[in-house]
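Trainee: For reference, the file final_26.pdb (PDB, C-alpha atoms) is included below:
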ATOM      1  CA  MET N   1     131.927  89.248 115.332
ATOM      2  CA  LYS N   2     130.948  92.610 116.800
ATOM      3  CA  LYS N   3     127.284  92.929 117.688
ATOM      4  CA  PRO N   4     125.346  95.807 116.112
ATOM      5  CA  PRO N   5     124.480  98.609 118.544
ATOM      6  CA  ILE N   6     121.226  98.204 120.450
ATOM      7  CA  THR N   7     118.322 100.444 119.367
ATOM      8  CA  ILE N   8     115.253 101.910 121.070
ATOM      9  CA  LYS N   9     113.126  99.268 119.332
ATOM     10  CA  ASP N  10     115.369  96.532 120.773
ATOM     11  CA  ILE N  11     114.875  97.893 124.293
ATOM     12  CA  ALA N  12     111.126  98.173 123.738
ATOM     13  CA  ARG N  13     110.924  94.576 122.516
ATOM     14  CA  ALA N  14     112.946  93.282 125.463
ATOM     15  CA  LEU N  15     110.859  95.132 128.049
ATOM     16  CA  SER N  16     107.475  94.628 126.294
ATOM     17  CA  ILE N  17     106.731  98.329 126.081
ATOM     18  CA  SER N  18     106.321 100.709 123.144
ATOM     19  CA  PRO N  19     109.296 102.416 121.457
ATOM     20  CA  SER N  20     107.731 105.812 122.223
ATOM     21  CA  THR N  21     107.682 104.940 125.950
ATOM     22  CA  VAL N  22     111.362 103.975 125.789
ATOM     23  CA  SER N  23     112.201 107.218 123.992
ATOM     24  CA  ARG N  24     110.362 109.325 126.541
ATOM     25  CA  ALA N  25     111.892 107.412 129.464
ATOM     26  CA  LEU N  26     115.402 108.033 128.122
ATOM     27  CA  LYS N  27     114.543 111.734 127.846
ATOM     28  CA  ASN N  28     113.255 111.797 131.442
ATOM     29  CA  HIS N  29     109.781 112.805 130.224
ATOM     30  CA  SER N  30     107.322 113.753 132.984
ATOM     31  CA  ASP N  31     104.590 111.503 131.526
ATOM     32  CA  ILE N  32     106.620 108.372 132.298
ATOM     33  CA  SER N  33     106.661 106.852 135.798
ATOM     34  CA  GLN N  34     109.928 106.792 137.710
ATOM     35  CA  ASP N  35     109.817 102.981 137.897
ATOM     36  CA  THR N  36     109.623 102.727 134.105
ATOM     37  CA  LYS N  37     112.417 105.273 133.699
ATOM     38  CA  ASP N  38     114.622 103.286 136.071
ATOM     39  CA  VAL N  39     113.982  99.966 134.273
ATOM     40  CA  VAL N  40     114.610 101.477 130.822
ATOM     41  CA  ASN N  41     117.761 103.337 131.830
ATOM     42  CA  GLN N  42     119.152 100.306 133.656
ATOM     43  CA  TYR N  43     118.591  98.095 130.622
ATOM     44  CA  ALA N  44     120.124 100.723 128.304
ATOM     45  CA  LYS N  45     123.186 100.992 130.552
ATOM     46  CA  GLU N  46     123.654  97.220 130.845
ATOM     47  CA  HIS N  47     123.447  96.800 127.068
ATOM     48  CA  ASN N  48     125.583  99.830 126.246
ATOM     49  CA  TYR N  49     122.846 101.743 124.409
ATOM     50  CA  LYS N  50     124.109 104.827 122.532
ATOM     51  CA  PRO N  51     121.793 107.373 120.838
ATOM     52  CA  ASN N  52     122.027 107.446 117.056
ATOM     53  CA  THR N  53     123.738 110.808 116.667
ATOM     54  CA  LEU N  54     123.213 110.882 112.897
ATOM     55  CA  ALA N  55     119.459 110.333 113.258
ATOM     56  CA  LEU N  56     119.334 112.903 116.044
ATOM     57  CA  SER N  57     121.134 115.495 113.926
ATOM     58  CA  LEU N  58     118.768 114.837 111.037
ATOM     59  CA  ARG N  59     115.755 115.341 113.319
ATOM     60  CA  MET N  60     117.195 118.592 114.600
ATOM     61  CA  SER N  61     117.854 119.975 111.099
ATOM     62  CA  LYS N  62     114.263 120.981 110.474
ATOM     63  CA  ASN N  63     113.175 123.323 107.700
ATOM     64  CA  ASN N  64     110.609 126.099 107.414
ATOM     65  CA  THR N  65     107.798 123.722 106.467
ATOM     66  CA  ILE N  66     104.672 122.876 108.444
ATOM     67  CA  GLY N  67     102.832 119.595 107.898
ATOM     68  CA  VAL N  68      99.027 119.545 108.048
ATOM     69  CA  ILE N  69      96.900 116.372 108.312
ATOM     70  CA  VAL N  70      93.154 116.640 107.649
ATOM     71  CA  PRO N  71      90.482 113.936 107.269
ATOM     72  CA  GLU N  72      89.033 115.479 104.089
ATOM     73  CA  ILE N  73      90.104 118.349 101.851
ATOM     74  CA  VAL N  74      86.765 118.628 100.035
ATOM     75  CA  HIS N  75      84.869 119.281 103.284
ATOM     76  CA  TYR N  76      84.108 123.022 103.495
ATOM     77  CA  PHE N  77      84.971 123.212 107.188
ATOM     78  CA  PHE N  78      88.435 121.713 106.720
ATOM     79  CA  SER N  79      89.128 123.777 103.602
ATOM     80  CA  SER N  80      88.270 126.936 105.556
ATOM     81  CA  ILE N  81      90.644 125.833 108.336
ATOM     82  CA  LEU N  82      93.370 125.321 105.725
ATOM     83  CA  SER N  83      92.817 128.867 104.456
ATOM     84  CA  GLY N  84      93.425 130.201 107.961
ATOM     85  CA  ILE N  85      96.538 128.059 108.378
ATOM     86  CA  GLU N  86      97.942 129.176 105.015
ATOM     87  CA  GLN N  87      97.334 132.852 105.812
ATOM     88  CA  VAL N  88      99.325 132.726 109.059
ATOM     89  CA  ALA N  89     102.023 130.354 107.770
ATOM     90  CA  ASP N  90     102.704 132.509 104.708
ATOM     91  CA  ALA N  91     102.907 135.683 106.790
ATOM     92  CA  GLU N  92     105.435 133.991 109.097
ATOM     93  CA  GLY N  93     107.564 132.633 106.244
ATOM     94  CA  TYR N  94     106.498 128.977 106.450
ATOM     95  CA  ASN N  95     105.488 126.617 103.667
ATOM     96  CA  VAL N  96     102.698 124.073 104.132
ATOM     97  CA  ILE N  97     102.673 120.374 103.205
ATOM     98  CA  LEU N  98      99.113 119.050 103.143
ATOM     99  CA  CYS N  99      98.214 115.411 103.857
ATOM    100  CA  GLN N 100      94.715 113.900 103.645
ATOM    101  CA  SER N 101      93.930 110.828 105.734
ATOM    102  CA  ASP N 102      90.639 110.085 103.909
ATOM    103  CA  GLU N 103      89.226 109.103 107.346
ATOM    104  CA  ASN N 104      91.606 106.116 107.224
ATOM    105  CA  TYR N 105      93.761 105.196 110.238
ATOM    106  CA  GLU N 106      96.477 103.400 108.263
ATOM    107  CA  LYS N 107      96.844 106.314 105.863
ATOM    108  CA  GLU N 108      96.969 108.723 108.805
ATOM    109  CA  VAL N 109      99.879 106.705 110.254
ATOM    110  CA  ARG N 110     101.686 106.878 106.896
ATOM    111  CA  ASN N 111     101.068 110.634 106.787
ATOM    112  CA  THR N 112     102.632 111.225 110.195
ATOM    113  CA  ARG N 113     105.684 109.126 109.428
ATOM    114  CA  ALA N 114     106.196 110.810 106.064
ATOM    115  CA  LEU N 115     106.126 114.225 107.737
ATOM    116  CA  VAL N 116     108.635 113.114 110.379
ATOM    117  CA  ALA N 117     110.902 111.739 107.643
ATOM    118  CA  THR N 118     110.609 115.053 105.792
ATOM    119  CA  ARG N 119     111.800 116.810 108.995
ATOM    120  CA  VAL N 120     109.020 119.394 109.045
ATOM    121  CA  SER N 121     109.254 122.120 111.667
ATOM    122  CA  GLY N 122     105.867 121.235 113.144
ATOM    123  CA  VAL N 123     102.614 119.363 112.531
ATOM    124  CA  LEU N 124      98.958 120.414 112.683
ATOM    125  CA  ALA N 125      96.555 117.457 112.801
ATOM    126  CA  SER N 126      92.863 116.571 112.948
ATOM    127  CA  LEU N 127      92.080 112.912 113.652
ATOM    128  CA  ALA N 128      90.509 110.465 111.231
ATOM    129  CA  LYS N 129      87.143 109.515 112.703
ATOM    130  CA  HIS N 130      88.011 105.842 113.340
ATOM    131  CA  THR N 131      91.418 106.468 114.978
ATOM    132  CA  THR N 132      91.653 104.960 118.466
ATOM    133  CA  ASN N 133      95.417 104.356 118.721
ATOM    134  CA  TYR N 134      97.562 107.486 118.901
ATOM    135  CA  ASP N 135     101.127 106.132 119.029
ATOM    136  CA  HIS N 136     101.942 107.621 115.620
ATOM    137  CA  PHE N 137     101.217 111.099 116.988
ATOM    138  CA  GLN N 138     103.380 110.439 120.029
ATOM    139  CA  GLU N 139     106.172 109.532 117.596
ATOM    140  CA  ILE N 140     105.976 113.091 116.240
ATOM    141  CA  ILE N 141     106.581 114.521 119.706
ATOM    142  CA  ASP N 142     109.291 111.944 120.418
ATOM    143  CA  SER N 143     111.026 113.201 117.265
ATOM    144  CA  ASP N 144     111.161 116.680 118.863
ATOM    145  CA  ILE N 145     108.612 118.044 116.398
ATOM    146  CA  PRO N 146     105.905 120.322 117.879
ATOM    147  CA  LEU N 147     102.337 119.063 117.370
ATOM    148  CA  VAL N 148      99.016 120.923 117.595
ATOM    149  CA  PHE N 149      95.641 119.200 117.273
ATOM    150  CA  PHE N 150      92.631 121.044 115.887
ATOM    151  CA  ASP N 151      88.893 120.183 115.814
ATOM    152  CA  ARG N 152      89.201 116.393 116.243
ATOM    153  CA  ILE N 153      91.690 116.147 119.066
ATOM    154  CA  CYS N 154      93.442 113.512 121.162
ATOM    155  CA  ILE N 155      93.272 114.270 124.894
ATOM    156  CA  GLY N 156      95.717 111.504 125.806
ATOM    157  CA  ILE N 157      98.746 113.368 124.434
ATOM    158  CA  ASN N 158     100.122 116.508 126.062
ATOM    159  CA  THR N 159     100.132 119.130 123.347
ATOM    160  CA  ASP N 160      98.333 122.282 122.220
ATOM    161  CA  ARG N 161      94.736 122.017 120.952
ATOM    162  CA  VAL N 162      92.254 124.252 119.153
ATOM    163  CA  VAL N 163      88.586 123.297 119.222
ATOM    164  CA  VAL N 164      85.219 124.932 118.725
ATOM    165  CA  ASP N 165      82.894 125.066 121.719
ATOM    166  CA  ASP N 166      81.047 121.933 120.614
ATOM    167  CA  TYR N 167      79.048 121.577 123.811
ATOM    168  CA  ALA N 168      77.750 125.162 123.842
ATOM    169  CA  GLY N 169      76.990 125.060 120.097
ATOM    170  CA  ALA N 170      75.003 121.836 120.412
ATOM    171  CA  PHE N 171      73.158 123.035 123.515
ATOM    172  CA  ALA N 172      72.157 126.285 121.782
ATOM    173  CA  ALA N 173      71.010 124.428 118.658
ATOM    174  CA  VAL N 174      68.809 121.964 120.549
ATOM    175  CA  GLU N 175      67.510 124.666 122.870
ATOM    176  CA  TYR N 176      66.392 126.664 119.833
ATOM    177  CA  LEU N 177      64.571 123.624 118.424
ATOM    178  CA  ILE N 178      62.798 123.135 121.756
ATOM    179  CA  GLN N 179      61.876 126.798 122.127
ATOM    180  CA  SER N 180      60.453 126.787 118.587
ATOM    181  CA  GLY N 181      58.080 123.942 119.521
ATOM    182  CA  CYS N 182      59.946 120.656 118.980
ATOM    183  CA  LYS N 183      59.178 117.915 121.538
ATOM    184  CA  ARG N 184      60.952 114.862 120.059
ATOM    185  CA  ILE N 185      64.387 115.650 118.695
ATOM    186  CA  ALA N 186      66.605 113.059 117.021
ATOM    187  CA  PHE N 187      70.400 113.352 117.124
ATOM    188  CA  PHE N 188      72.673 111.995 114.374
ATOM    189  CA  SER N 189      76.270 111.802 115.659
ATOM    190  CA  SER N 190      79.814 110.850 114.647
ATOM    191  CA  PRO N 191      81.644 107.777 116.074
ATOM    192  CA  PRO N 192      81.537 108.007 119.885
ATOM    193  CA  GLN N 193      85.313 107.976 120.496
ATOM    194  CA  LEU N 194      85.685 111.447 118.964
ATOM    195  CA  GLU N 195      85.686 114.306 121.453
ATOM    196  CA  ILE N 196      83.400 116.355 119.182
ATOM    197  CA  SER N 197      80.840 113.526 119.347
ATOM    198  CA  LYS N 198      80.984 113.359 123.142
ATOM    199  CA  ASN N 199      80.704 117.120 123.595
ATOM    200  CA  ARG N 200      77.885 117.631 121.092
ATOM    201  CA  LYS N 201      75.952 114.694 122.507
ATOM    202  CA  ASN N 202      76.308 116.136 126.008
ATOM    203  CA  GLY N 203      75.013 119.480 124.754
ATOM    204  CA  TYR N 204      72.043 117.728 123.142
ATOM    205  CA  LEU N 205      71.253 115.709 126.280
ATOM    206  CA  ASP N 206      71.591 118.651 128.669
ATOM    207  CA  ALA N 207      69.271 120.804 126.553
ATOM    208  CA  LEU N 208      66.626 118.055 126.653
ATOM    209  CA  ARG N 209      67.017 117.710 130.422
ATOM    210  CA  LYS N 210      66.814 121.450 130.996
ATOM    211  CA  TYR N 211      63.367 121.513 129.408
ATOM    212  CA  GLY N 212      62.177 118.246 130.931
ATOM    213  CA  LEU N 213      62.093 116.283 127.659
ATOM    214  CA  LYS N 214      62.599 112.533 127.762
ATOM    215  CA  VAL N 215      65.855 111.127 126.378
ATOM    216  CA  ASP N 216      64.898 108.457 123.827
ATOM    217  CA  GLU N 217      67.922 106.351 122.848
ATOM    218  CA  SER N 218      66.110 105.169 119.708
ATOM    219  CA  LEU N 219      66.424 108.740 118.385
ATOM    220  CA  ILE N 220      70.226 108.809 118.768
ATOM    221  CA  ARG N 221      72.140 107.261 115.843
ATOM    222  CA  ILE N 222      75.720 107.128 114.556
ATOM    223  CA  CYS N 223      75.308 108.837 111.203
ATOM    224  CA  ASP N 224      77.564 111.624 109.902
ATOM    225  CA  THR N 225      77.283 111.580 106.101
ATOM    226  CA  ARG N 226      74.573 112.605 103.661
ATOM    227  CA  GLU N 227      74.388 109.092 102.221
ATOM    228  CA  GLU N 228      73.922 107.456 105.630
ATOM    229  CA  ALA N 229      71.300 110.042 106.635
ATOM    230  CA  ILE N 230      69.210 109.316 103.527
ATOM    231  CA  ILE N 231      69.126 105.631 104.561
ATOM    232  CA  ILE N 232      68.627 106.039 108.331
ATOM    233  CA  THR N 233      66.159 108.954 108.431
ATOM    234  CA  PRO N 234      63.207 106.965 106.992
ATOM    235  CA  GLU N 235      63.695 104.366 109.750
ATOM    236  CA  ILE N 236      63.361 107.131 112.350
ATOM    237  CA  LEU N 237      60.367 108.681 110.586
ATOM    238  CA  ASP N 238      58.584 105.319 110.503
ATOM    239  CA  GLN N 239      58.347 105.222 114.297
ATOM    240  CA  PRO N 240      54.775 105.523 115.646
ATOM    241  CA  ASP N 241      55.762 108.704 117.476
ATOM    242  CA  ARG N 242      58.082 110.192 114.867
ATOM    243  CA  PRO N 243      60.450 113.062 115.752
ATOM    244  CA  ASP N 244      59.482 116.634 114.953
ATOM    245  CA  GLY N 245      63.082 117.831 114.991
ATOM    246  CA  PHE N 246      66.577 116.674 113.992
ATOM    247  CA  PHE N 247      69.961 117.867 115.220
ATOM    248  CA  ALA N 248      72.779 116.699 112.917
ATOM    249  CA  ILE N 249      76.497 116.473 113.703
ATOM    250  CA  ASN N 250      77.306 118.338 110.456
ATOM    251  CA  ASP N 251      75.640 120.007 107.486
ATOM    252  CA  HIS N 252      76.218 117.051 105.144
ATOM    253  CA  CYS N 253      74.207 114.853 107.484
ATOM    254  CA  ALA N 254      71.539 117.566 107.850
ATOM    255  CA  ALA N 255      71.238 117.802 104.057
ATOM    256  CA  GLY N 256      70.598 114.054 103.898
ATOM    257  CA  ILE N 257      67.905 114.356 106.553
ATOM    258  CA  LEU N 258      66.267 117.177 104.589
ATOM    259  CA  TYR N 259      66.267 115.093 101.387
ATOM    260  CA  ALA N 260      64.758 112.086 103.177
ATOM    261  CA  CYS N 261      62.038 114.224 104.781
ATOM    262  CA  LYS N 262      61.074 115.596 101.374
ATOM    263  CA  LEU N 263      60.863 112.048  99.972
ATOM    264  CA  ALA N 264      58.514 111.241 102.860
ATOM    265  CA  ASN N 265      56.317 114.203 101.824
ATOM    266  CA  LEU N 266      56.985 116.028 105.093
ATOM    267  CA  ARG N 267      57.075 119.807 105.110
ATOM    268  CA  VAL N 268      60.209 121.468 106.471
ATOM    269  CA  PRO N 269      59.979 123.223 108.883
ATOM    270  CA  GLU N 270      56.189 122.955 109.356
ATOM    271  CA  ASP N 271      56.253 119.181 110.054
ATOM    272  CA  VAL N 272      59.942 118.636 110.867
ATOM    273  CA  SER N 273      62.678 121.093 111.868
ATOM    274  CA  ILE N 274      66.334 120.403 110.997
ATOM    275  CA  MET N 275      69.489 121.906 112.512
ATOM    276  CA  GLY N 276      72.996 121.266 111.180
ATOM    277  CA  PHE N 277      76.520 122.093 112.377
ATOM    278  CA  SER N 278      79.273 123.823 110.331
ATOM    279  CA  ASP N 279      77.686 126.533 108.159
ATOM    280  CA  GLY N 280      79.483 125.664 104.956
ATOM    281  CA  GLU N 281      78.423 126.431 101.414
ATOM    282  CA  LEU N 282      76.172 123.359 101.417
ATOM    283  CA  ALA N 283      73.942 124.966 104.066
ATOM    284  CA  LYS N 284      73.116 127.790 101.665
ATOM    285  CA  ALA N 285      72.646 125.466  98.670
ATOM    286  CA  CYS N 286      69.817 123.488 100.283
ATOM    287  CA  ASP N 287      66.143 124.303  99.721
ATOM    288  CA  PRO N 288      65.146 125.536 102.205
ATOM    289  CA  MET N 289      68.539 126.738 103.401
ATOM    290  CA  LEU N 290      69.821 124.993 106.526
ATOM    291  CA  SER N 291      69.697 126.408 110.016
ATOM    292  CA  THR N 292      73.053 125.506 111.524
ATOM    293  CA  VAL N 293      75.838 126.261 114.004
ATOM    294  CA  GLU N 294      78.663 128.380 112.615
ATOM    295  CA  GLN N 295      82.106 126.958 113.528
ATOM    296  CA  HIS N 296      84.459 129.699 112.293
ATOM    297  CA  GLY N 297      86.902 127.303 110.629
ATOM    298  CA  TYR N 298      89.076 130.090 109.222
ATOM    299  CA  GLU N 299      89.644 131.486 112.725
ATOM    300  CA  MET N 300      90.399 127.991 114.028
ATOM    301  CA  GLY N 301      93.078 127.563 111.355
ATOM    302  CA  LYS N 302      94.679 130.885 112.239
ATOM    303  CA  TYR N 303      94.756 130.059 115.959
ATOM    304  CA  ALA N 304      96.213 126.606 115.305
ATOM    305  CA  ALA N 305      98.967 127.918 113.027
ATOM    306  CA  LYS N 306      99.872 130.692 115.474
ATOM    307  CA  LEU N 307     100.096 128.230 118.385
ATOM    308  CA  LEU N 308     102.333 125.910 116.355
ATOM    309  CA  ILE N 309     104.670 128.636 115.139
ATOM    310  CA  ASP N 310     104.983 130.013 118.684
ATOM    311  CA  LYS N 311     105.919 126.505 119.816
ATOM    312  CA  ILE N 312     108.461 126.138 116.992
ATOM    313  CA  ASN N 313     110.029 129.466 117.924
ATOM    314  CA  GLY N 314     110.205 128.592 121.615
ATOM    315  CA  VAL N 315     107.765 131.315 122.652
ATOM    316  CA  THR N 316     105.567 128.864 124.607
ATOM    317  CA  GLN N 317     108.130 126.227 125.518
ATOM    318  CA  GLY N 318     106.844 123.853 128.209
ATOM    319  CA  LYS N 319     103.313 125.288 128.163
ATOM    320  CA  TYR N 320     100.211 123.773 126.580
ATOM    321  CA  ALA N 321      97.304 125.867 125.338
ATOM    322  CA  ASN N 322      93.703 124.769 124.852
ATOM    323  CA  LYS N 323      92.061 127.377 122.626
ATOM    324  CA  ILE N 324      88.257 127.282 122.375
ATOM    325  CA  VAL N 325      86.576 129.021 119.438
ATOM    326  CA  LYS N 326      83.046 130.237 120.150
ATOM    327  CA  THR N 327      80.131 129.243 117.914
ATOM    328  CA  ASN N 328      76.912 131.020 116.974
ATOM    329  CA  LEU N 329      73.523 129.975 115.610
ATOM    330  CA  ILE N 330      72.557 130.739 112.019
ATOM    331  CA  ILE N 331      68.777 130.510 111.650
ATOM    332  CA  ARG N 332      67.457 129.881 108.147
ATOM    333  CA  GLY N 333      64.600 127.997 106.506
ATOM    334  CA  THR N 334      64.766 124.524 108.053
ATOM    335  CA  THR N 335      63.623 125.712 111.490
ATOM    336  CA  LYS N 336      60.629 127.742 112.635
TER     337      LYS N 336
END
Can the structure from this file be put into structure tokens for me?

Mentor:
Amino acid sequence: MKKPPITIKDIARALSISPSTVSRALKNHSDISQDTKDVVNQYAKEHNYKPNTLALSLRMSKNNTIGVIVPEIVHYFFSSILSGIEQVADAEGYNVILCQSDENYEKEVRNTRALVATRVSGVLASLAKHTTNYDHFQEIIDSDIPLVFFDRICIGINTDRVVVDDYAGAFAAVEYLIQSGCKRIAFFSSPPQLEISKNRKNGYLDALRKYGLKVDESLIRICDTREEAIIITPEILDQPDRPDGFFAINDHCAAGILYACKLANLRVPEDVSIMGFSDGELAKACDPMLSTVEQHGYEMGKYAAKLLIDKINGVTQGKYANKIVKTNLIIRGTTK
């Protein structure tokens, strides 16, 4: 009985490597070592591996649709990014398929595979906050589909990226708090594996160091939602030497801090100053209105869509761009 043809997954299983590594090795990808390429190609030759021409033709027959993966649609920042993406995509004759990961890794994986199966022309993606394995995004590239990350990016995959200047925005925010009189500033952050968390934390730490303020690890917490902030803030405020300032990773977290401070009968900003990050509609709905860092989500969406469409059209073939969107401080009622 004739054996079925060997597949990429069969080679991967035999050599104890990932299917995406096999695929890239067979394509002579520069990210793969020559030793790995030699082993993969030798095994493929010995076992008479033949590419699936039907699958390849299906992958190449892409349409004029762009896939977009976001962690949350209801978040003002991501909805403003989507507006920018839609504006550029529509002007260039592309439709948009929107997927929401709900901050869930497994759903994010399903999203990527659904978009590949749909044969979209390209994918724009922002990571779910607990994602630490990125093979599903490599599968997009291995399927010859251009990929651009925005905001929450993966630096381990060679592709285009669009980010805000998280470090500079955080540094400016904390510097303002210090210059307005704050001496003990707490920082509520996102999970540490996210690049935005690393960059904003570094901005926070460097601002403290510039002004000779002690870094107190007890004032740094993983907390990026309003609900978590309402629970964690009282713990911070109960310290003998409570903070006189808070820098939050986003406006939702800042709003929770503000609510908790009011419950503790603290005056904002007289007793405690609060600085957020995003400048969404929530910042203006708070009382007092939030001081925050404006991210320019609409501009980020436009840049990301333009980069992707240029990649689809071969304008930037073989080149990778890293676009940084500048931030600016918006000073309102929660700071002096």

Trainee: Can you translate the PyMOL selection byres ((chain N and resi 21) around 10) into the concrete residues it hits in this file, as a compact mmCIF listing (two decimals) with C-alpha atoms, in the coordinates of the input?

Mentor:
# COMPACT_ATOMS: atom_id res chain seq x y z
CA ILE N 8 115.25 101.91 121.07
CA ALA N 12 111.13 98.17 123.74
CA ILE N 17 106.73 98.33 126.08
CA SER N 18 106.32 100.71 123.14
CA PRO N 19 109.30 102.42 121.46
CA SER N 20 107.73 105.81 122.22
CA VAL N 22 111.36 103.98 125.79
CA SER N 23 112.20 107.22 123.99
CA ARG N 24 110.36 109.32 126.54
CA ALA N 25 111.89 107.41 129.46
CA LEU N 26 115.40 108.03 128.12
CA LYS N 27 114.54 111.73 127.85
CA HIS N 29 109.78 112.80 130.22
CA ASP N 31 104.59 111.50 131.53
CA ILE N 32 106.62 108.37 132.30
CA THR N 36 109.62 102.73 134.10
CA LYS N 37 112.42 105.27 133.70
CA VAL N 40 114.61 101.48 130.82
CA ASP N 135 101.13 106.13 119.03
CA GLN N 138 103.38 110.44 120.03
CA GLU N 139 106.17 109.53 117.60
CA ASP N 142 109.29 111.94 120.42

Trainee: Got a sec to resolve the PyMOL selection byres ((chain N and resi 331) around 10) on this structure and send the residues as an mmCIF file with C-alpha atoms, keeping the file's coordinate frame?

Mentor:
data_model
loop_
_atom_site.group_PDB
_atom_site.id
_atom_site.type_symbol
_atom_site.label_atom_id
_atom_site.label_comp_id
_atom_site.auth_asym_id
_atom_site.auth_seq_id
_atom_site.Cartn_x
_atom_site.Cartn_y
_atom_site.Cartn_z
ATOM 1 C CA ALA N 173 71.010 124.428 118.658
ATOM 2 C CA TYR N 176 66.392 126.664 119.833
ATOM 3 C CA MET N 275 69.489 121.906 112.512
ATOM 4 C CA MET N 289 68.539 126.738 103.401
ATOM 5 C CA LEU N 290 69.821 124.993 106.526
ATOM 6 C CA SER N 291 69.697 126.408 110.016
ATOM 7 C CA THR N 292 73.053 125.506 111.524
ATOM 8 C CA VAL N 293 75.838 126.261 114.004
ATOM 9 C CA ASN N 328 76.912 131.020 116.974
ATOM 10 C CA LEU N 329 73.523 129.975 115.610
ATOM 11 C CA ILE N 330 72.557 130.739 112.019
ATOM 12 C CA ARG N 332 67.457 129.881 108.147
ATOM 13 C CA GLY N 333 64.600 127.997 106.506
ATOM 14 C CA THR N 334 64.766 124.524 108.053
ATOM 15 C CA THR N 335 63.623 125.712 111.490
ATOM 16 C CA LYS N 336 60.629 127.742 112.635
#

Trainee: Counting all atoms listed in the file, what is within 12 Å of region 92-94 of chain N, bar same-chain residues fewer than 6 positions away, as a ChimeraX atom specification?

Mentor: /N:62-67,85-86,120-122,302,305-306,308-310,312-313

Trainee: If you measure from CA of Arg110 (chain N) to CA of Asn133 (chain N), what distance in Å do you get, rounded to one decimal?

Mentor: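 Going from CA of Arg110 (chain N) over to CA of Asn133 (chain N), I get 13.6 Å.
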
Trainee: Taking the file as shown, what set of residues would the PyMOL selection byres ((chain N and resi 193-200) around 12) give back, as a count of residues only?

Mentor: 55

Trainee: One number please: CA of Ile73 (chain N) to CA of Gln100 (chain N), in Å, one decimal.

Mentor: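 The value is 6.7 Å.
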
Trainee: Show which residues sit within 6 Å of Ile185 (chain N), as an mmCIF file with C-alpha atoms, in the coordinates of the input. Count all atoms listed in the file, and ignore same-chain residues fewer than 5 positions away.

Mentor:
data_model
loop_
_atom_site.group_PDB
_atom_site.id
_atom_site.type_symbol
_atom_site.label_atom_id
_atom_site.label_comp_id
_atom_site.auth_asym_id
_atom_site.auth_seq_id
_atom_site.Cartn_x
_atom_site.Cartn_y
_atom_site.Cartn_z
ATOM 1 C CA PRO N 243 60.450 113.062 115.752
ATOM 2 C CA GLY N 245 63.082 117.831 114.991
ATOM 3 C CA PHE N 246 66.577 116.674 113.992
#

Trainee: What's the separation between CA of Glu270 (chain N) and CA of Thr225 (chain N), in Å to one decimal place?

Mentor: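 Distance reported for this atom pair: 24.2 Å.
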
Trainee: Please work out which residues fall within 12 Å of (58.8, 118.6, 104.9), coordinates as given in the file, with all atoms listed in the file counting, and return them as a PyMOL selection string.

Mentor: chain N and resi 237+244-245+257-274+287-288+333-335

Trainee: Which residue, N:Val148, N:Val109, N:Val68, N:Leu177, has the smallest gap to Leu307 (chain N) when you use only C-alpha atoms?

Mentor: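 Distance minimum relative to Leu307 (chain N) lands on N:Val148.
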
Trainee: For Ala321 (chain N), list every protein, DNA or RNA residue within 7 Å, evaluated using all atoms listed in the file, and leave out those in the same chain fewer than 2 positions away; present the list as a list in words.

Mentor: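 In the requested format, the answer is Asp160, Arg161, Lys319 and Lys323 of chain N.
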
Trainee: Can you pull out every residue within 9 Å of Val215 (chain N), counting only C-alpha atoms, but drop anything in the same chain fewer than 6 positions away, and send it as a list of chain:residue names?

Mentor: N:Arg184, N:Leu205, N:Leu208, N:Arg209

Trainee: Just checking: using only C-alpha atoms, which residue out of N:Leu147, N:Cys253, N:Pro71, N:Leu15 ends up closest to Ser101 (chain N)?

Mentor: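 Comparing N:Leu147, N:Cys253, N:Pro71, N:Leu15 against Ser101 (chain N), the winner is N:Pro71.
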
Trainee: Scan for residues within 9 Å of the point (119.1, 100.0, 117.9) in the coordinates of the file, using all atoms listed in the file, and reply as a PDB file with C-alpha atoms, in the frame of the given file.

Mentor:
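Below is the file that was written, out00.pdb:
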ATOM      1  CA  PRO N   4     125.346  95.807 116.112  1.00  0.00           C
ATOM      2  CA  PRO N   5     124.480  98.609 118.544  1.00  0.00           C
ATOM      3  CA  ILE N   6     121.226  98.204 120.450  1.00  0.00           C
ATOM      4  CA  THR N   7     118.322 100.444 119.367  1.00  0.00           C
ATOM      5  CA  ILE N   8     115.253 101.910 121.070  1.00  0.00           C
ATOM      6  CA  LYS N   9     113.126  99.268 119.332  1.00  0.00           C
ATOM      7  CA  ASP N  10     115.369  96.532 120.773  1.00  0.00           C
ATOM      8  CA  ILE N  11     114.875  97.893 124.293  1.00  0.00           C
ATOM      9  CA  TYR N  49     122.846 101.743 124.409  1.00  0.00           C
ATOM     10  CA  LYS N  50     124.109 104.827 122.532  1.00  0.00           C
ATOM     11  CA  PRO N  51     121.793 107.373 120.838  1.00  0.00           C
ATOM     12  CA  ASN N  52     122.027 107.446 117.056  1.00  0.00           C
TER      13      ASN N  52
END

Trainee: Out of N:Met300, N:Ile69, N:Val325, N:Ile81, which residue has the shortest atom-to-atom distance to Glu108 (chain N) when counting all atoms listed in the file?

Mentor: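 Using all atoms listed in the file, Glu108 (chain N) sits closest to N:Ile69.
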
Trainee: Given 6 Å on each side, where is the centre and what are the edge lengths in Å to one decimal of the axis-aligned box enclosing the listed atoms of region 182-195 of chain N, as JSON?

Mentor:
{"center_x": 72.4, "center_y": 114.2, "center_z": 118.0, "size_x": 38.5, "size_y": 24.9, "size_z": 19.2}
